[in-house]
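Asker: Below is the structure I would like to discuss, written out as C-alpha cells.
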Amino acid sequence: MTPEDSATTESGWTDRLLGGLRKTSERLTENLAGLAGGTRLTDAQLDDLEDALILSDLGPRAASRIRAKLASARFEKGVDEAALAEAVAEEIAAILRPVAKPLEIVAFPRPQVILVIGVNGSGKTTTIAKLAHLFQEQDYSVMLAAGDTFRAAAIGQLRVWADRLGIEIVSGAEGGDPASIVFDAVKAATDKGIDALIVDTAGRLQNKRELMDELAKVRRVLGRLNPEAPHDVVLVLDATNGQNALQQIETFKEVAGVSGLIMTKLDGTARGGVLVAAAEQYGLPIHAIGVGEKIDDLRPFDPDLVARVIAGVVR
Ligand SMILES: Nc1nc2c(ncn2[C@@H]2O[C@H](COP(=O)(O)OP(=O)(O)OP(=O)(O)O)[C@@H](O)[C@H]2O)c(=O)[nH]1
C-alpha cells in the first residue's frame, strides 16, 4: 500500500466516523448553540452546558466534570460556538484518552484467547468478524469458536463470516456444551500455533443465573488449559441503547468480569455520548468502536478524533 492509499483509507475512516457520529454531534452542537459572551462562562451558561451534555448521553458525572473544568476556563477571544466546541472537545478527550487501548496480541504462549460477551443483537457476531479482520490485517492468524450454542442461527452466522474471511471455526451442534467447544478450540488453536482465538458466547441476560454458570464453566475450562486464559473478556455494547448500555456493563461485570469494551452502532444514533459516560463511570479500556455494518467498520479507538467529532470541532 502506498502512503497515498493509506491517506485515502484514513480520510475514508474519518469520513465514516463523522457520518457515524453526526447525529450525536448535531445533538450536542444544537444544544450548545447560542452560548456566547465574554471571557468566562456565566453560571446560567454553565447550567445550559451541563444540560446539553446530559441530553447528549454523556451522563451526569462527565457533564459535571466538564462543567467544573469550563467554569475556570478563560476564553481570551470571548465565548463563541467554535471556542466552546474546542474547549468541550479537549475535556471529552481528557476523559477518553486514559481508556483508549487497542486490543493487542501479546499472549505467550499463544493463542491469545478473547472471550466476547454481550446481549443478543448488540452486534457481537459482526464485531467478532470485524476483529478477526483487523487482526488478519496485522498478519496474525485467527480462529473462531462458536460458543453461542443457544441459537443455531448464531452458529451459522459466525460460520458464514469465517468462510468469508478464510479462517477456521470450531463449532458444535445447537444446544451443545459451549465449554466443550471452547476446550476443543483452544486445543486446535494451540496445536496450529494460532495467534488469536476469538470466542463467541451466548447473551441471554434475561436468564442471568444460567448465563453466569455457563460463562463460569467456560472460564474454568479455559483456565485448565492455560491459567492465563481468557486473556481478554470483551463486552460488546450497542450505543443505540444509550444509558441502558451502562446497566449492561454493570450486569456483565458481575456475570463474567469485563476487561474491555467495544461499542457498536455509533452510526445512526444520537446517543454516541454514552461512550464518554462509560469511560468516565467505569474506566474500562475501550478497544474499538463500530460505525457500520461493513467488515472494516471497526477501528481502534482514537480518543482525540472521537472527542473532536462529538463536540462538533470536526464536521
Ligand atoms: N449500523 C450498524 N450496524 C451494526 C454494527 N454492528 C453490528 N451491526 C448490525 O447489528 C445487527 C446485529 O448484529 P449481530 O452481530 O448479529 O449481533 P449479535 O449480538 O451477534 O446478535 P445475535 O446474533 O442476535 O446474538 C446486524 O444487522 C449487524 O449488521 C455497527 O457498528 N453499525
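By convention here, the chains of the C-alpha cells are called A, B, ... in the order presented, each chain's residues are numbered starting at 1, and ligands are numbered starting at 1 in the order presented.
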For ligand 1, return the neighbouring residues as a VMD selection string (distance at most 6 Å; only C-alpha atoms and all ligand atoms).
Answerer: chain A and resid 119 to 126 154 264 to 265 267 290 to 293
Asker: May I have the selected residues written with C-alpha atoms, as a compact mmCIF listing (two decimals), in the first residue's frame?
Answerer:
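The resulting file, result23.txt, is shown below:
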# COMPACT_ATOMS: atom_id res chain seq x y z
CA VAL A 119 -26.56 -9.28 24.81
CA ASN A 120 -28.08 -10.73 21.65
CA GLY A 121 -28.38 -8.12 18.94
CA SER A 122 -25.61 -5.92 20.33
CA GLY A 123 -23.54 -6.65 17.23
CA LYS A 124 -21.43 -9.33 18.88
CA THR A 125 -21.14 -11.69 15.90
CA THR A 126 -20.41 -8.90 13.44
CA ALA A 154 -25.73 -17.67 15.73
CA THR A 264 -21.03 -0.71 18.14
CA LYS A 265 -23.65 1.12 16.08
CA ASP A 267 -23.57 5.36 13.29
CA GLY A 290 -18.10 0.20 15.30
CA VAL A 291 -19.58 2.70 12.88
CA GLY A 292 -21.24 0.50 10.30
CA GLU A 293 -22.04 -2.98 9.12
Asker: As a ChimeraX atom specification, please: the residues near Ile128 of chain A (cut-off 10 Å, only C-alpha atoms, same-chain neighbours under 4 positions excluded).
Answerer: /A:114-116,123-124,132-134,144,158,161-162,198-200,236,295
Asker: Which polymer residues have any atom within 12 Å of an atom of Ala216 of chain A, counting only C-alpha atoms, with same-chain residues fewer than 3 positions away left out, as number ranges by chain?
Answerer: A: 115, 178-179, 201, 208-213, 219-223, 230, 252, 254-257
Asker: Extract, using only C-alpha atoms, all DNA, RNA and protein residues at most 7 Å from Lys101 of chain A, discarding same-chain residues fewer than 3 positions from it, and format them as JSON, numbers by chain.
Answerer: {"A": [285, 286, 287]}
Asker: So, counting only C-alpha atoms, which residue among A:Ile117, A:Ala152, A:Leu215, A:Ala188 is closest to Ser259 of chain A?
Answerer: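 Distance minimum relative to Ser259 of chain A lands on A:Ile117.
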Asker: Could you pull out all residues of segment 198-255 of chain A with a DSSP call of strand (DSSP E or B) and give them as a list in words?
Answerer: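 Filtering segment 198-255 of chain A to strand (DSSP E or B) leaves Ile198, Val199, Asp200, Thr201, Asp232, Val233, Val234, Leu235, Val236, Leu237 and Asp238 of chain A.
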Asker: Keeping only N, CA and C atoms, write the selected residues as an mmCIF file, in the first residue's frame.
Answerer:
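Below is the file that was written, result_10.cif:
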data_model
loop_
_atom_site.group_PDB
_atom_site.id
_atom_site.type_symbol
_atom_site.label_atom_id
_atom_site.label_comp_id
_atom_site.auth_asym_id
_atom_site.auth_seq_id
_atom_site.Cartn_x
_atom_site.Cartn_y
_atom_site.Cartn_z
ATOM 1 N N ILE A 198 -10.851 -16.190 18.989
ATOM 2 C CA ILE A 198 -11.961 -15.325 19.419
ATOM 3 C C ILE A 198 -13.179 -16.201 19.682
ATOM 4 N N VAL A 199 -13.700 -16.091 20.892
ATOM 5 C CA VAL A 199 -14.784 -16.982 21.327
ATOM 6 C C VAL A 199 -16.103 -16.223 21.447
ATOM 7 N N ASP A 200 -17.091 -16.673 20.667
ATOM 8 C CA ASP A 200 -18.439 -16.102 20.772
ATOM 9 C C ASP A 200 -19.125 -16.763 21.973
ATOM 10 N N THR A 201 -19.993 -16.032 22.632
ATOM 11 C CA THR A 201 -20.721 -16.602 23.781
ATOM 12 C C THR A 201 -22.192 -16.220 23.682
ATOM 13 N N ASP A 232 -8.575 -11.862 27.472
ATOM 14 C CA ASP A 232 -9.444 -10.681 27.374
ATOM 15 C C ASP A 232 -10.894 -11.127 27.469
ATOM 16 N N VAL A 233 -11.691 -10.322 28.176
ATOM 17 C CA VAL A 233 -13.138 -10.541 28.184
ATOM 18 C C VAL A 233 -13.754 -9.226 27.689
ATOM 19 N N VAL A 234 -14.140 -9.251 26.424
ATOM 20 C CA VAL A 234 -14.554 -8.007 25.769
ATOM 21 C C VAL A 234 -16.076 -7.929 25.698
ATOM 22 N N LEU A 235 -16.617 -6.881 26.286
ATOM 23 C CA LEU A 235 -18.070 -6.680 26.259
ATOM 24 C C LEU A 235 -18.438 -5.798 25.069
ATOM 25 N N VAL A 236 -19.356 -6.318 24.235
ATOM 26 C CA VAL A 236 -19.838 -5.543 23.089
ATOM 27 C C VAL A 236 -21.122 -4.827 23.493
ATOM 28 N N LEU A 237 -21.133 -3.521 23.301
ATOM 29 C CA LEU A 237 -22.283 -2.705 23.683
ATOM 30 C C LEU A 237 -22.844 -1.993 22.469
ATOM 31 N N ASP A 238 -24.175 -1.895 22.444
ATOM 32 C CA ASP A 238 -24.855 -1.217 21.347
ATOM 33 C C ASP A 238 -25.127 0.226 21.786
#
Asker: Do a neighbour search on segment 11-28 of chain A at 6 Å with only C-alpha atoms, toss out local chain neighbours closer than 5 positions, and write the hits as a PyMOL selection string.
Answerer: chain A and resi 56+266-272+291+310-312
Asker: Excluding Ile169 of chain A and its own-chain neighbours fewer than 2 positions away, which residues fall within 9 Å of it when counting only C-alpha atoms? Please give them as a list in words.
Answerer: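 My list of contacting residues is Met143, Leu144, Ala145, Ala146, Leu158, Arg159, Ala162, Asp163, Ile167, Ser171 and Ala185 of chain A.
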Asker: Pick out the closest residue to Ala196 of chain A from this set: A:Glu104, A:Asp57, A:Glu81, A:Glu30. Count only C-alpha atoms.
Answerer: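 With only C-alpha atoms as the atom set, the closest residue is A:Glu104.
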Asker: According to DSSP computed on the backbone, where in segment 230-293 of chain A is there alpha helix (DSSP H)? Give the residues as an MDAnalysis selection string.
Answerer: chainID A and resid 244:256 274:282
